[in-house]
Each structure stands twice: as C-alpha cells, then as structure tokens.
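*Asks:* Have a look at this one before I ask anything.
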Amino acid sequence: MDKALVEARAAGSRGEVPVGAVIVGPDGQIVASAGNRTRELNDPTAHAEILALRTACAATGSERLPGHDLYVTLEPCAMCAAALAAARIRRIYYGAADPKSGGVAHGARVFTHKQAHHVPEVYDGIGGQEAADLLKEFFAARR
C-alpha cells in the first residue's frame, strides 16, 4: 500500500484526484503501478486501477490476471470494480471507503450481483486514514 500512496501523492501533485494503485503478481513483485490521470489524458476511464490493469495485462500478455492482487488507496468505483472482475484479480486491498462513488462496499456493490462472473477477495481499510487524509487535503485546497 505504501507504493500506492506514493502514486496517489504524485497524482495529487499533478492536479489529479490523489488515488494510486499497484498490482502485485503471484511472486509478490510489483507488476504495475499508476495514479489517476483523467485530466492529463482527457480520459474519464484513466482511473489509477484501469491504468494499472492496462500495464499489468500488457506486461503479462493476457487480459486476465489470476493470482494477482490490487492495492488501491480508495474503494474502486463501479467501472473499476467491473474491470477488476473481468481481469480476474485475486484480491483487492483498498484504503479509504468511498460512500459517494464506491462500487465495492457502497453504491453499485458490483461483486454482489449474480452478473459478477468473478468475485475477488476484498480487504478494506488498509492505509485508510492516510489515504482519506490525502483526499481531504486535496479537496479542501480546491474549495
């Protein structure tokens, strides 16, 4: 989660919402890491999780990542949760909860639907306070 927090801080310094994601392979090595880049790329899908998925899939030569784990600083939104299920991510560890836009424990709760063909293990609150503080500071500076 430390590397995901580094990515989140870097995203915030670029003016992006400070969210960072890291994908770890079955061997425990980092396969991909990313921070949000929606504004920089003018791409509403350029969430940290999606960018990390794209990099990890390219690195492994597969659209599926069984045995891989995701560490992300904020609860994934519904779009990201669906992509993580499609990629067959084994485990998701996330920091701060997102009652407004989350798609795992809040909102759409993507993994609870019978249309979810794959349900990863989910662990929340990992580095949650630091991740929440980054987000609060970011948005407070913009108000």
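Every chain in the structure tokens takes a letter, A first, then B, and so on in the order presented; its residues are numbered from 1, and the ligands are numbered from 1 following the presented order.
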Counting only C-alpha atoms, what are the residues of range 91-110 of chain A within 12 Å of range 31-51 of chain A, and for each of them which pair of atoms is the nearest and at what distance in Å, to one decimal? Sort the table by chain and rising number, as JSON lines.
*Replies:*
{"residue": "A:Ile92", "atom": "CA", "partner": "A:Glu49", "partner_atom": "CA", "distance": 10.5}
{"residue": "A:Tyr93", "atom": "CA", "partner": "A:Glu49", "partner_atom": "CA", "distance": 11.7}
{"residue": "A:Tyr94", "atom": "CA", "partner": "A:Glu49", "partner_atom": "CA", "distance": 10.9}
*Asks:* Using only C-alpha atoms, find each residue of range 19-115 of chain A with at least one atom at most 10 Å away from an atom of range 119-143 of chain A; report its shortest atom-to-atom pair and that distance in Å (one decimal), sort the rows by chain and rising residue number, and return the result as a Markdown table.
*Replies:*
| residue | atom | partner | partner_atom | distance |
| --- | --- | --- | --- | --- |
| A:Val19 | CA | A:Ala131 | CA | 8.0 |
| A:Gly20 | CA | A:Ala131 | CA | 9.3 |
| A:Pro66 | CA | A:Pro120 | CA | 9.8 |
| A:Asp69 | CA | A:Pro120 | CA | 9.1 |
| A:Leu70 | CA | A:Val122 | CA | 9.6 |
| A:Tyr71 | CA | A:Ile126 | CA | 8.7 |
| A:Val72 | CA | A:Ile126 | CA | 8.9 |
| A:Thr73 | CA | A:Ala131 | CA | 5.5 |
| A:Leu74 | CA | A:Ala131 | CA | 7.0 |
| A:Glu75 | CA | A:Asp124 | CA | 7.8 |
| A:Ala81 | CA | A:Pro120 | CA | 9.6 |
| A:Ala82 | CA | A:Val119 | CA | 9.8 |
| A:Leu84 | CA | A:Pro120 | CA | 8.3 |
| A:Ala85 | CA | A:Val119 | CA | 6.3 |
| A:Ala86 | CA | A:Val119 | CA | 9.5 |
| A:Arg88 | CA | A:Pro120 | CA | 7.3 |
| A:Ile89 | CA | A:Pro120 | CA | 6.1 |
| A:Arg90 | CA | A:Pro120 | CA | 5.0 |
| A:Arg91 | CA | A:Glu121 | CA | 4.6 |
| A:Ile92 | CA | A:Val122 | CA | 4.8 |
| A:Tyr93 | CA | A:Tyr123 | CA | 4.7 |
| A:Tyr94 | CA | A:Asp124 | CA | 4.9 |
| A:Gly95 | CA | A:Gly128 | CA | 3.8 |
| A:Ala96 | CA | A:Gly128 | CA | 4.3 |
| A:Ala97 | CA | A:Gly125 | CA | 7.3 |
| A:Asp98 | CA | A:Ala132 | CA | 9.3 |
| A:Val104 | CA | A:Val122 | CA | 8.5 |
| A:Ala105 | CA | A:Asp124 | CA | 9.0 |
| A:Val110 | CA | A:Val119 | CA | 8.9 |
| A:Phe111 | CA | A:Val119 | CA | 5.6 |
| A:Thr112 | CA | A:Val119 | CA | 8.1 |
| A:His113 | CA | A:Val119 | CA | 9.5 |
| A:Lys114 | CA | A:Val119 | CA | 9.9 |
*Asks:* Write out as a PyMOL selection string all residues of chain A that backbone DSSP assigns to helix (DSSP H, G or I).
*Replies:* chain A and resi 2-13+38-41+48-60+78-86+110-112+128-142
*Asks:* Between CA of Asp2 in chain A and CA of Ile30 in chain A, what distance in Å does the model show, to one decimal?
*Replies:*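 Here the two named atoms are 11.9 Å from each other.
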